[in-house]
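Peer 1: Before anything else, here's the structure in question.
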Number of protein chains: 2
Amino acid sequence: MGGDRAPAAIVEGAVLASGEGLASGLVLVGDKGAIEAELKKHGNGSGIEVVHATQVVEMHESPAESLRKKKDSSIVRAVKLLKTGEVSAVISAGNTGAFVAAATLFARTLKGIHRPGIAAPLPNPSGGISLLIDVGANIFCKPLHLVHYGIMAASYAKHVLGIAEPKVGLVNIGEESEKGTELIKETNALFEKTDLNYVGNVEGQDIYKGVADIFVAEGVLGNTILKVSEGLGEMIFRYLTGWFTKTGAMENEAVKGAMGTLYSMVDYAEYGGAPLLGISGLCIICHGRSDAKAITNAVRVATRYATEGVHDKIAEQIVTFENDASAAGKEIPSV
Amino acid sequence: MGGDRAPAAIVEGAVLASGEGLASGLVLVGDKGAIEAELKKHGNGSGIEVVHATQVVEMHESPAESLRKKKDSSIVRAVKLLKTGEVSAVISAGNTGAFVAAATLFARTLKGIHRPGIAAPLPNPSGGISLLIDVGANIFCKPLHLVHYGIMAASYAKHVLGIAEPKVGLVNIGEESEKGTELIKETNALFEKTDLNYVGNVEGQDIYKGVADIFVAEGVLGNTILKVSEGLGEMIFRYLTGWFTKTGAMENEAVKGAMGTLYSMVDYAEYGGAPLLGISGLCIICHGRSDAKAITNAVRVATRYATEGVHDKIAEQIVTFENDASAAGKEIPSV
């Protein structure tokens, strides 16, 4: 029920995913009447189950308040299906804050994880994607939270995105280890103790130079990086589209093609959503603007996550990090 | 002597500025022999004075160490001319950290200002520029530092950039006043007490939507916003240039023109440098890549700053803010 194009685009995306056999089972959670009306437009979407929820959290509602007041919202219902194990993943294009709050409150966090983090996909110069974690789930970060983000995102990148040895970088104001705030300096030192493919501190411009696959930042910084990228990408896209349309250059097939690619590069709805990592079960946060294709992509990602057992692999990594560090007598700060 | 193209581009920029009558006097500080050799290429640059300095701070040298070891570097020499009042402004395309450290150490800060901040120009959708402060001078920010940045940048925008009533926004993870870290929440409350045209919290994407003229952020956040923008702009520019060149679309005049405009939009060397605000006298930090045109632009900005008496206007604003608040019995936190 959440997102700018719900429920139409969500239902259409689910039907497409079902048609492509992307999941062994799909459940749509929300207003039964509205969902079934949409399903009818697509031949009733055979094999898709509908779970009724009487309430909807609106896009700009306060997360905490919405959870208190709307106990039968589609997002709470969906997360509870995750908790009981009836589903392996929940996908939503709705209110991100409410989704994260519901997941944190009603699902369990992974063993050893104190704060889940959102890993947002970003374009990189080789045409692939890198992950930026955290983009806003946690604005009161401790060094261990950030290192856990790196471990979880690297595991996700390896097993879901197929990146062999993901390089992990920590966003900072400079590359040198003595640069930055206390949080960043301590996090950098702690990352050195992991067996990650850690490349050290990176600066903002490095995110779009492909120097790492995973970029770790605390929530305010990560959120701003994501949104600044979105804003600048849109401004450039609009400027060029306006200019090319006015001058007739858009008639040129090469120009049209380039603008199409640029659009998918700067349109964060294209990437199949951002996983909330650290929850027992997968939550995929889709952009509010998500269309059917974006939802289908998210289903593909969720299925891959479930079938590859990424969940258990992430949990193992967290335990391994703690055990290795403790065996080596290294101090892992408590949080 | 600093910057990727020094001293050639710096000398050429000074000669151009002198030719256009942009400053009542210009002083080039650095290796006398190298500077005079460059000046010779441009008819000796009549009216340009040369002050000899035997040392150069390299681009990646540690600022603190460079100041300790190189007491006769061009940057230290230049800042000392500012301190003694022999010049009204110092322009450098060299090591930013060393420049800021030298300015903080050898020049005085403005009365009431505890931490100077760098205001970097960013493109906005209406083709003008907005200012982002601070992009890295101060990573240990208190609310009052951030409010002073807003006051100083608004005054600079008004008197140097000609923006009538500059709108000031505070970069945050959300627009609501209860969002964000303690630093951001306290700063937001303090901004409400100023007589600035304060628009409240803004998110990353708003920076490129023209919702404000001044964007205030602590140093790590501001630095990352600037560098992420630079990196993404470059990635998009390179992708499009490659594609348009390969397909021959670059032959189209409209495409060529658009790429030229895009280049100036994303090339931060175009904007005439970033002022370090809060110092007694003006320091303009130019991009390391600065060409002659960028240096000329910086001279134009510096002259405008000096002739408009912006310095005194900023100092007045700071005093007014303190007096107003104290008269109204409002508490201004000490730092």
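Chain labels run A, B, ... following the order of the structure tokens; each chain numbers its residues from 1, and ligands are numbered from 1 in the order shown.
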What is the Cα root-mean-square deviation, to one decimal place in Å, for chain B superposed on chain A with all Cα atoms matched in order?
Peer 2: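 The optimal C-alpha superposition leaves an RMSD of 0.0 Å.
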Peer 1: Run DSSP on the backbone of this structure and report the residues of segment 42-176 of chain B it assigns to helix (DSSP H, G or I), as a PyMOL selection string.
Peer 2: chain B and resi 63-69+74-83+96-106+143-159
Peer 1: Could you work out how far atom CA of Leu131 of chain B lies from atom CA of Leu262 of chain A, giving the answer in Å with one decimal?
Peer 2: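 These atoms are spaced 26.5 Å apart.
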Peer 1: Which residues of chain B come within 9 Å of chain A, and for each one, what is the closest pair of atoms and their distance in Å to one decimal, counting only C-alpha atoms, sorted by chain and residue number, as a tab-separated table?
Peer 2:
residue	atom	partner	partner_atom	distance
B:Asn124	CA	A:Met235	CA	8.1
B:Pro125	CA	A:Met235	CA	6.3
B:Gly136	CA	A:Ile173	CA	7.3
B:Ile139	CA	A:Thr181	CA	6.7
B:Phe140	CA	A:Thr181	CA	7.4
B:Val171	CA	A:Thr224	CA	8.1
B:Asn172	CA	A:Val220	CA	6.9
B:Ile173	CA	A:Val220	CA	5.5
B:Gly180	CA	A:Ile139	CA	7.2
B:Thr181	CA	A:Ile139	CA	6.7
B:Glu203	CA	A:Thr224	CA	6.8
B:Gly204	CA	A:Val228	CA	4.4
B:Gln205	CA	A:Gly231	CA	4.1
B:Asp206	CA	A:Gly231	CA	6.8
B:Ile207	CA	A:Val228	CA	6.9
B:Tyr208	CA	A:Gly231	CA	5.3
B:Lys209	CA	A:Gly231	CA	7.0
B:Gly219	CA	A:Ile173	CA	8.1
B:Val220	CA	A:Ile173	CA	5.5
B:Leu221	CA	A:Leu221	CA	5.9
B:Asn223	CA	A:Ile173	CA	6.4
B:Thr224	CA	A:Gly204	CA	4.7
B:Ile225	CA	A:Ile225	CA	6.4
B:Leu226	CA	A:Gly204	CA	7.6
B:Lys227	CA	A:Gly204	CA	4.6
B:Val228	CA	A:Gly204	CA	4.4
B:Ser229	CA	A:Ser229	CA	6.8
B:Glu230	CA	A:Gln205	CA	6.1
B:Gly231	CA	A:Gln205	CA	4.1
B:Leu232	CA	A:Tyr208	CA	5.7
B:Gly233	CA	A:Leu232	CA	7.8
B:Glu234	CA	A:Tyr208	CA	8.3
B:Met235	CA	A:Pro125	CA	6.3
B:Ile236	CA	A:Leu262	CA	7.6
B:Arg238	CA	A:Pro125	CA	9.0
B:Tyr239	CA	A:Pro125	CA	7.8
B:Leu240	CA	A:Ala258	CA	6.8
B:Trp243	CA	A:Ala258	CA	7.0
B:Phe244	CA	A:Ala254	CA	7.1
B:Thr247	CA	A:Ala254	CA	6.3
B:Gly248	CA	A:Ala254	CA	8.2
B:Ala249	CA	A:Ala254	CA	6.4
B:Asn252	CA	A:Ala249	CA	7.5
B:Glu253	CA	A:Ala249	CA	8.8
B:Ala254	CA	A:Thr247	CA	6.3
B:Val255	CA	A:Ala249	CA	6.8
B:Ala258	CA	A:Leu240	CA	6.8
B:Met259	CA	A:Leu240	CA	8.6
B:Leu262	CA	A:Ile236	CA	7.6
B:Met265	CA	A:Ile236	CA	8.9
Peer 1: To one decimal place in Å, what is the distance between atom CA of Ala103 of chain B and atom CA of Ile91 of chain B?
Peer 2: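 So the two atoms, atom CA of Ala103 of chain B and atom CA of Ile91 of chain B, lie 11.4 Å apart.
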Peer 1: Would you mind reading off the distance between atom CA of Leu28 of chain A and atom CA of Val310 of chain A, one decimal, in Å?
Peer 2: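 Atom CA of Leu28 of chain A sits 23.5 Å away from atom CA of Val310 of chain A.
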Peer 1: Smallest atom-to-atom distance to Val299 of chain A: which of A:Ala89, A:Ile75, A:Ala9, A:Ala107, using only C-alpha atoms?
Peer 2: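 That would be A:Ala89, the residue with the smallest distance to Val299 of chain A.
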Peer 1: Of the candidates B:Ile151, B:Ile279, B:Leu39, B:Val51, which shows the shortest atom-to-atom distance to Ala102 of chain B, using only C-alpha atoms?
Peer 2: B:Ile279
Peer 1: Once DSSP has gone over the backbone, tell me which residues of segment 98-240 of chain B are in strand (DSSP E or B), as a VMD selection string.
Peer 2: chain B and resid 109 117 to 123 129 to 133 167 to 171 197 to 202 214 to 216
Peer 1: So that I can check the surroundings of Lys32 of chain B, please list as a ChimeraX atom specification every protein, DNA and RNA residue that reaches within 12 Å of it, counting only C-alpha atoms and ignoring chain neighbours fewer than 3 positions away.
Peer 2: /B:1,7,11,27-29,35-39,49-55,74
Peer 1: Find the residue from B:Glu322, B:Phe106, B:Glu192, B:Val57 that sits nearest to Leu82 of chain B; use only C-alpha atoms when measuring.
Peer 2: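 Nearest to Leu82 of chain B: B:Phe106.
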